[in-house]
>>> print(open('entry06.txt').read())   # compact mmCIF, C-alpha atoms
# COMPACT_ATOMS: atom_id res chain seq x y z
CA MET A 100 106.38 74.98 82.63
CA GLY A 101 105.31 78.19 80.93
CA ASN A 102 107.29 80.28 78.39
CA ALA A 103 107.76 77.23 76.13
CA VAL A 104 107.82 78.79 72.68
CA ASP A 105 106.07 76.44 70.28
CA SER A 106 103.13 76.50 67.91
CA HIS A 107 100.70 76.74 70.86
CA THR A 108 102.34 79.74 72.56
CA VAL A 109 99.94 82.61 73.27
CA LEU A 110 101.24 86.16 72.90
CA PHE A 111 100.74 89.04 75.35
CA SER A 112 102.30 92.49 75.30
CA VAL A 113 102.66 95.98 76.70
CA ILE A 114 102.65 99.08 74.50
CA GLY A 115 103.81 102.61 75.19
CA ASP A 116 105.97 105.49 74.01
CA PRO A 117 108.56 105.17 75.51
CA ILE A 118 108.51 101.52 76.62
CA ARG A 119 112.07 100.12 76.97
CA HIS A 120 112.19 101.06 80.68
CA SER A 121 109.20 98.82 81.48
CA LYS A 122 109.58 95.99 83.99
CA SER A 123 106.28 94.45 82.87
CA PRO A 124 107.85 91.81 80.58
CA ILE A 125 110.05 90.29 83.28
CA MET A 126 107.20 90.38 85.79
CA MET A 127 104.54 88.87 83.54
CA ASN A 128 106.80 86.21 82.02
CA ARG A 129 107.62 85.10 85.57
CA ALA A 130 103.87 84.84 86.20
CA PHE A 131 103.45 82.58 83.17
CA ARG A 132 106.35 80.38 84.26
CA GLU A 133 104.99 80.09 87.81
CA THR A 134 101.53 79.06 86.61
CA GLY A 135 102.67 76.83 83.75
CA ILE A 136 100.80 78.87 81.15
CA ASN A 137 102.31 78.66 77.66
CA GLY A 138 102.48 82.40 77.13
CA ILE A 139 105.09 84.98 76.15
CA TYR A 140 104.86 88.68 77.06
CA THR A 141 106.84 91.28 75.13
CA ALA A 142 107.09 95.07 74.85
CA PHE A 143 106.22 97.00 71.70
CA HIS A 144 107.23 100.63 71.16
CA ILE A 145 104.11 102.06 69.54
CA THR A 146 103.92 105.73 68.57
CA ALA A 147 100.57 107.53 68.34
CA ASP A 148 100.46 107.33 64.54
CA LYS A 149 100.83 103.51 64.67
CA LEU A 150 98.16 102.84 67.31
CA GLY A 151 95.45 101.87 64.83
CA ASP A 152 97.83 99.56 62.98
CA PHE A 153 98.77 97.89 66.26
CA VAL A 154 95.14 97.22 67.20
CA ALA A 155 94.58 95.68 63.77
CA GLY A 156 97.63 93.50 64.43
CA VAL A 157 96.21 92.36 67.77
CA ARG A 158 93.11 91.09 65.98
CA ALA A 159 95.03 89.57 63.07
CA MET A 160 97.63 87.76 65.18
CA GLY A 161 95.33 86.79 68.03
CA ILE A 162 97.35 88.54 70.72
CA ARG A 163 95.39 87.51 73.81
CA GLY A 164 96.13 90.41 76.13
CA VAL A 165 97.70 93.87 76.05
CA ASN A 166 98.76 96.31 78.73
CA VAL A 167 98.55 99.96 77.67
CA THR A 168 100.75 102.63 79.18
CA ILE A 169 101.60 106.29 78.53
CA PRO A 170 100.51 107.98 76.30
CA HIS A 171 97.86 105.64 74.83
CA LYS A 172 95.39 105.00 77.69
CA LEU A 173 92.77 107.39 76.33
CA ASP A 174 93.41 107.21 72.58
CA ILE A 175 93.11 103.39 72.52
CA MET A 176 89.48 103.48 73.67
CA PRO A 177 87.69 104.32 70.38
CA LEU A 178 89.60 101.47 68.68
CA LEU A 179 88.14 98.77 70.96
CA ASP A 180 84.85 96.87 70.67
CA GLU A 181 83.76 97.20 74.28
CA ILE A 182 84.79 99.17 77.35
CA ASP A 183 84.21 97.79 80.84
CA GLU A 184 81.85 99.96 82.91
CA SER A 185 84.54 101.06 85.38
CA ALA A 186 86.93 101.98 82.55
CA GLN A 187 84.13 104.01 80.95
CA VAL A 188 83.71 106.05 84.14
CA ILE A 189 87.47 106.40 84.52
CA GLY A 190 87.89 107.38 80.88
CA ALA A 191 91.10 105.40 80.41
CA VAL A 192 92.09 101.83 79.52
CA ASN A 193 95.28 100.08 80.62
CA THR A 194 94.33 96.44 79.90
CA ILE A 195 92.85 94.83 76.79
CA VAL A 196 91.40 91.31 76.60
CA ASN A 197 91.07 89.72 73.17
CA THR A 198 88.27 87.15 73.07
CA ASP A 199 88.10 85.61 69.57
CA GLY A 200 88.84 88.96 67.96
CA ARG A 201 86.57 91.03 70.21
CA LEU A 202 88.63 93.55 72.18
CA THR A 203 87.45 94.67 75.62
CA GLY A 204 89.16 97.44 77.58
CA TYR A 205 89.59 97.48 81.37
CA ASN A 206 91.37 99.69 83.88
CA THR A 207 93.38 98.02 86.67
CA ASP A 208 95.41 101.07 87.75
CA GLY A 209 93.04 102.32 90.43
CA ILE A 210 92.10 98.97 91.95
CA GLY A 211 95.78 97.99 91.97
CA TYR A 212 96.73 101.23 93.69
CA VAL A 213 94.05 101.05 96.38
CA ARG A 214 94.76 97.39 97.15
CA SER A 215 98.41 98.27 97.72
CA LEU A 216 97.62 101.37 99.80
CA LYS A 217 95.25 99.44 102.07
CA GLU A 218 97.65 96.52 102.53
CA GLU A 219 100.74 98.62 103.19
CA VAL A 220 99.67 101.71 105.15
CA GLN A 221 95.97 102.27 105.84
CA GLN A 222 93.37 99.52 105.76
CA ASP A 223 90.36 101.85 106.09
CA LEU A 224 90.24 104.79 103.69
CA SER A 225 86.68 105.89 104.47
CA GLY A 226 86.45 109.50 105.58
CA ALA A 227 89.98 110.37 104.45
CA ASN A 228 90.82 113.71 102.83
CA VAL A 229 93.07 113.15 99.81
CA LEU A 230 95.31 115.43 97.76
CA ILE A 231 96.32 114.14 94.32
CA ILE A 232 99.25 115.83 92.58
CA GLY A 233 98.98 115.46 88.82
CA ALA A 234 96.13 114.90 86.39
CA GLY A 235 97.45 112.25 84.00
CA GLY A 236 95.99 108.93 82.88
CA ALA A 237 96.67 107.03 86.11
CA THR A 238 94.94 109.73 88.17
CA ARG A 239 91.55 108.89 86.68
CA GLY A 240 91.72 105.26 87.82
CA ILE A 241 92.86 106.27 91.29
CA LEU A 242 90.03 108.78 91.60
CA TYR A 243 87.47 106.13 90.74
CA ALA A 244 88.91 103.56 93.15
CA LEU A 245 89.22 106.06 96.01
CA ALA A 246 85.61 107.17 95.48
CA ARG A 247 84.50 103.56 95.91
CA GLU A 248 86.36 103.42 99.24
CA GLY A 249 84.27 106.26 100.67
CA VAL A 250 86.87 109.01 101.03
CA ALA A 251 85.47 112.31 102.31
CA SER A 252 87.15 114.66 99.84
CA ILE A 253 89.62 114.77 96.97
CA THR A 254 91.66 117.80 95.95
CA ILE A 255 93.47 117.70 92.59
CA PHE A 256 96.51 119.85 91.88
CA ASN A 257 97.96 120.22 88.42
CA ARG A 258 100.24 122.89 86.96
CA THR A 259 97.68 123.28 84.18
CA VAL A 260 94.66 123.97 86.38
CA ALA A 261 92.20 123.41 83.54
CA ARG A 262 93.17 119.71 83.39
CA ALA A 263 92.57 119.35 87.13
CA GLU A 264 89.22 121.11 86.79
CA GLU A 265 88.22 118.76 83.98
CA LEU A 266 88.92 115.75 86.21
CA ALA A 267 87.10 117.26 89.17
CA ASP A 268 84.05 117.93 87.00
CA ALA A 269 84.13 114.37 85.63
CA PHE A 270 84.01 112.84 89.11
CA LYS A 271 81.51 115.16 90.78
CA GLY A 272 78.82 112.99 92.29
CA HIS A 273 81.26 110.15 92.94
CA VAL A 274 82.91 111.89 95.93
CA PRO A 275 81.21 114.07 98.59
CA ALA A 276 83.64 116.91 97.86
CA ILE A 277 86.07 117.27 94.96
CA ARG A 278 87.89 120.35 93.70
CA ALA A 279 90.82 121.50 91.59
CA ILE A 280 93.52 123.88 92.81
CA GLY A 281 96.48 125.78 91.40
CA GLN A 282 99.97 126.50 92.70
CA ASP A 283 98.82 129.23 95.10
CA GLU A 284 96.74 126.75 97.13
CA LEU A 285 99.10 123.78 97.07
CA ARG A 286 100.96 124.47 100.31
CA ASP A 287 97.78 124.75 102.38
CA ALA A 288 96.36 121.64 100.75
CA CYS A 289 99.47 119.63 101.63
CA GLY A 290 99.05 120.56 105.29
CA SER A 291 95.33 119.87 105.54
CA ASN A 292 94.99 116.47 103.82
CA ASP A 293 95.44 112.98 105.27
CA ILE A 294 96.84 111.34 102.12
CA ILE A 295 99.05 113.08 99.55
CA ILE A 296 99.57 111.16 96.31
CA ASN A 297 102.17 112.00 93.68
CA THR A 298 101.03 110.75 90.26
CA THR A 299 103.63 112.76 88.30
CA SER A 300 107.02 111.52 87.07
CA LEU A 301 108.92 113.92 89.35
CA GLY A 302 111.58 111.86 91.14
CA MET A 303 111.56 108.92 88.72
CA TYR A 304 114.87 107.34 87.70
CA PRO A 305 117.17 108.75 86.34
CA ASN A 306 115.97 112.18 87.56
CA VAL A 307 115.90 111.10 91.20
CA ASP A 308 116.38 114.59 92.67
CA GLY A 309 112.94 115.76 91.61
CA THR A 310 110.12 116.12 94.13
CA PRO A 311 106.53 117.35 93.68
CA VAL A 312 106.25 119.35 96.93
CA ASP A 313 108.31 120.62 99.84
CA SER A 314 108.13 118.01 102.61
CA ALA A 315 107.90 120.80 105.21
CA TRP A 316 104.36 121.43 103.94
CA LEU A 317 103.18 117.96 105.00
CA LYS A 318 101.61 117.27 108.37
CA PRO A 319 103.29 114.59 110.50
CA GLY A 320 101.27 111.38 110.55
CA ALA A 321 99.84 111.92 107.07
CA VAL A 322 100.38 109.34 104.34
CA ALA A 323 102.78 110.33 101.56
CA SER A 324 102.23 108.09 98.54
CA ASP A 325 104.13 107.92 95.25
CA LEU A 326 103.21 106.00 92.09
CA ILE A 327 106.89 105.80 91.12
CA TYR A 328 108.57 102.44 91.84
CA ASN A 329 112.05 103.20 90.46
CA PRO A 330 113.58 104.20 92.83
CA LEU A 331 111.60 102.26 95.42
CA THR A 332 111.88 105.22 97.82
CA THR A 333 111.79 108.54 95.98
CA LYS A 334 113.18 111.77 97.35
CA PHE A 335 109.59 112.83 98.07
CA LEU A 336 109.03 109.75 100.23
CA ALA A 337 112.41 109.91 101.98
CA GLU A 338 111.84 113.53 102.99
CA ALA A 339 108.24 112.83 104.00
CA LYS A 340 109.43 110.03 106.29
CA GLU A 341 111.85 112.43 107.97
CA ARG A 342 108.91 114.77 108.45
CA GLY A 343 107.07 112.01 110.37
CA CYS A 344 104.76 110.83 107.62
CA ARG A 345 103.86 107.26 106.76
CA ILE A 346 105.12 106.45 103.29
CA HIS A 347 103.84 104.30 100.44
CA GLY A 348 105.79 103.60 97.24
CA GLY A 349 104.56 102.63 93.80
CA LEU A 350 105.79 99.04 93.62
CA GLY A 351 102.60 97.55 95.03
CA MET A 352 100.41 99.38 92.51
CA PHE A 353 102.63 98.18 89.68
CA ILE A 354 102.46 94.57 90.88
CA TYR A 355 98.70 94.55 91.46
CA GLN A 356 97.68 96.30 88.24
CA GLY A 357 99.62 93.57 86.46
CA ALA A 358 98.11 90.86 88.65
CA TYR A 359 94.57 91.96 87.86
CA ALA A 360 95.41 92.05 84.13
CA PHE A 361 96.85 88.52 84.33
CA GLU A 362 93.63 87.32 85.97
CA TYR A 363 91.46 88.97 83.30
CA TRP A 364 93.50 87.24 80.57
CA THR A 365 93.84 83.79 82.09
CA GLY A 366 91.07 83.31 84.65
CA ARG A 367 93.78 82.11 87.05
CA PRO A 368 94.99 83.68 90.34
CA ALA A 369 98.14 85.71 89.76
CA PRO A 370 101.35 84.55 91.53
CA VAL A 371 101.78 87.91 93.24
CA ALA A 372 104.73 86.96 95.49
CA ALA A 373 106.76 85.67 92.55
CA MET A 374 105.92 88.75 90.47
CA ARG A 375 107.07 91.05 93.28
CA GLU A 376 110.27 89.06 93.79
CA THR A 377 111.18 89.32 90.11
CA VAL A 378 110.66 93.10 89.94
CA LEU A 379 112.63 93.67 93.15
CA ASP A 380 115.50 91.58 91.82
CA ALA A 381 115.54 93.63 88.63
CA LEU A 382 115.45 96.95 90.49
CA ASN A 383 118.24 95.89 92.84
CA SER A 384 120.53 94.44 90.18
>>> encode(input="entry06.txt", output="structure tokens")
Amino acid sequence: MGNAVDSHTVLFSVIGDPIRHSKSPIMMNRAFRETGINGIYTAFHITADKLGDFVAGVRAMGIRGVNVTIPHKLDIMPLLDEIDESAQVIGAVNTIVNTDGRLTGYNTDGIGYVRSLKEEVQQDLSGANVLIIGAGGATRGILYALAREGVASITIFNRTVARAEELADAFKGHVPAIRAIGQDELRDACGSNDIIINTTSLGMYPNVDGTPVDSAWLKPGAVASDLIYNPLTTKFLAEAKERGCRIHGGLGMFIYQGAYAFEYWTGRPAPVAAMRETVLDALNS
């Protein structure tokens, strides 16, 4: 059942630069096997200069669904036929659905992240004060999803303050209070917020000694959250736990953003438990 390669097999893929580290193919192919869908999911290394050619190939070959990762989440948008309303607000696309040659872009990063955060550490996010470290593509989706949960404030830190300011300006009106800060305000922000989210690659395998902030700056009882899922517990999270914080890793976001994409493509419920099991097995092997 599923993954039977024949003349009826439907193709799905993930693109990025780099891409060979991605666990999406093993996770999504397990989902097809579990549900008996005759689909195959593969990874394509697409550089920025080949993005237009790839989109033409999606139309020509009838690739049903595509996941989009760094650095293409913004640049892919003008090449599509339609952008879902939430992805328009977010300003980034991580999922494409091909319906008879018409390509529609969605963003499942934020909804995947918030679903994981609520299930694993804090069911009610309303009224929370949030600090986001980093201003990359995933940050936009998380901002949108957090705004819909009714958080009280969001502070964005980025080494290039102008990028954080651009994001804060884009989401004014969606959150009661949103602002950008630089390095000189980071320590105070760490100590005054309820949820601190690392969206940067600091601490990701193989550079596991990296950490975005000093754990001594965090207040005990706060939530320390990391989008990284390899390693499952980053140095940032391990030190935050010692500090008395509740911790939340990136595996759940990775699973759920893929699950939502699977459901957009197939109209079927995603086999989330099997997807999680497969990724854990791969990370622990």
>>> closest_residue(input="entry06.txt", among="A:Pro368, A:Gly357, A:Gly161, A:Pro319", to="A:Asn128", atoms="all atoms listed in the file")
A:Gly357
>>> closest_residue(input="entry06.txt", among="A:Leu110, A:Ile136, A:Ala337, A:Ala130", to="A:Val196", atoms="all atoms listed in the file")
A:Leu110
>>> closest_residue(input="entry06.txt", among="A:Ala358, A:Leu179, A:Ala142, A:Ala315", to="A:Thr203", atoms="all atoms listed in the file")
A:Leu179
>>> closest_residue(input="entry06.txt", among="A:Leu301, A:Ala360, A:Ile277, A:Ala159", to="A:Met127", atoms="all atoms listed in the file")
A:Ala360
>>> closest_residue(input="entry06.txt", among="A:Arg158, A:His347, A:His144, A:Arg278", to="A:Ile118", atoms="all atoms listed in the file")
A:His144
>>> closest_residue(input="entry06.txt", among="A:Met303, A:Ile327, A:Val192, A:Val104", to="A:Met352", atoms="all atoms listed in the file")
A:Ile327
>>> atom_distance(input="entry06.txt", atom1="atom CA of A:Ala323", atom2="atom CA of A:Asn228")
12.5 Å
>>> residues_near_point(input="entry06.txt", point="(83.6, 115.1, 90.7)", cutoff="12 Å", atoms="only C-alpha atoms", output="PyMOL selection string")
chain A and resi 188-189+239+242-243+245-246+252-255+263-279
>>> write_last_selection(input="entry06.txt", atoms="C-alpha atoms", output="tab-separated table (two decimals), in the coordinates of the input")
chain	number	residue	atom	x	y	z
A	188	VAL	CA	83.71	106.05	84.14
A	189	ILE	CA	87.47	106.40	84.52
A	239	ARG	CA	91.55	108.89	86.68
A	242	LEU	CA	90.03	108.78	91.60
A	243	TYR	CA	87.47	106.13	90.74
A	245	LEU	CA	89.22	106.06	96.01
A	246	ALA	CA	85.61	107.17	95.48
A	252	SER	CA	87.15	114.66	99.84
A	253	ILE	CA	89.62	114.77	96.97
A	254	THR	CA	91.66	117.80	95.95
A	255	ILE	CA	93.47	117.70	92.59
A	263	ALA	CA	92.57	119.35	87.13
A	264	GLU	CA	89.22	121.11	86.79
A	265	GLU	CA	88.22	118.76	83.98
A	266	LEU	CA	88.92	115.75	86.21
A	267	ALA	CA	87.10	117.26	89.17
A	268	ASP	CA	84.05	117.93	87.00
A	269	ALA	CA	84.13	114.37	85.63
A	270	PHE	CA	84.01	112.84	89.11
A	271	LYS	CA	81.51	115.16	90.78
A	272	GLY	CA	78.82	112.99	92.29
A	273	HIS	CA	81.26	110.15	92.94
A	274	VAL	CA	82.91	111.89	95.93
A	275	PRO	CA	81.21	114.07	98.59
A	276	ALA	CA	83.64	116.91	97.86
A	277	ILE	CA	86.07	117.27	94.96
A	278	ARG	CA	87.89	120.35	93.70
A	279	ALA	CA	90.82	121.50	91.59
>>> residues_near_point(input="entry06.txt", point="(104.2, 108.0, 79.3)", cutoff="10 Å", atoms="all atoms listed in the file", output="ChimeraX atom specification")
/A:115-118,167-172,235-236,300
>>> axis_aligned_box(input="entry06.txt", around="stretch 187-201 of chain A", padding_each_side="6 Å", output="AutoDock Vina command-line options")
--center_x 89.5 --center_y 96.5 --center_z 76.2 --size_x 23.6 --size_y 33.8 --size_z 28.6
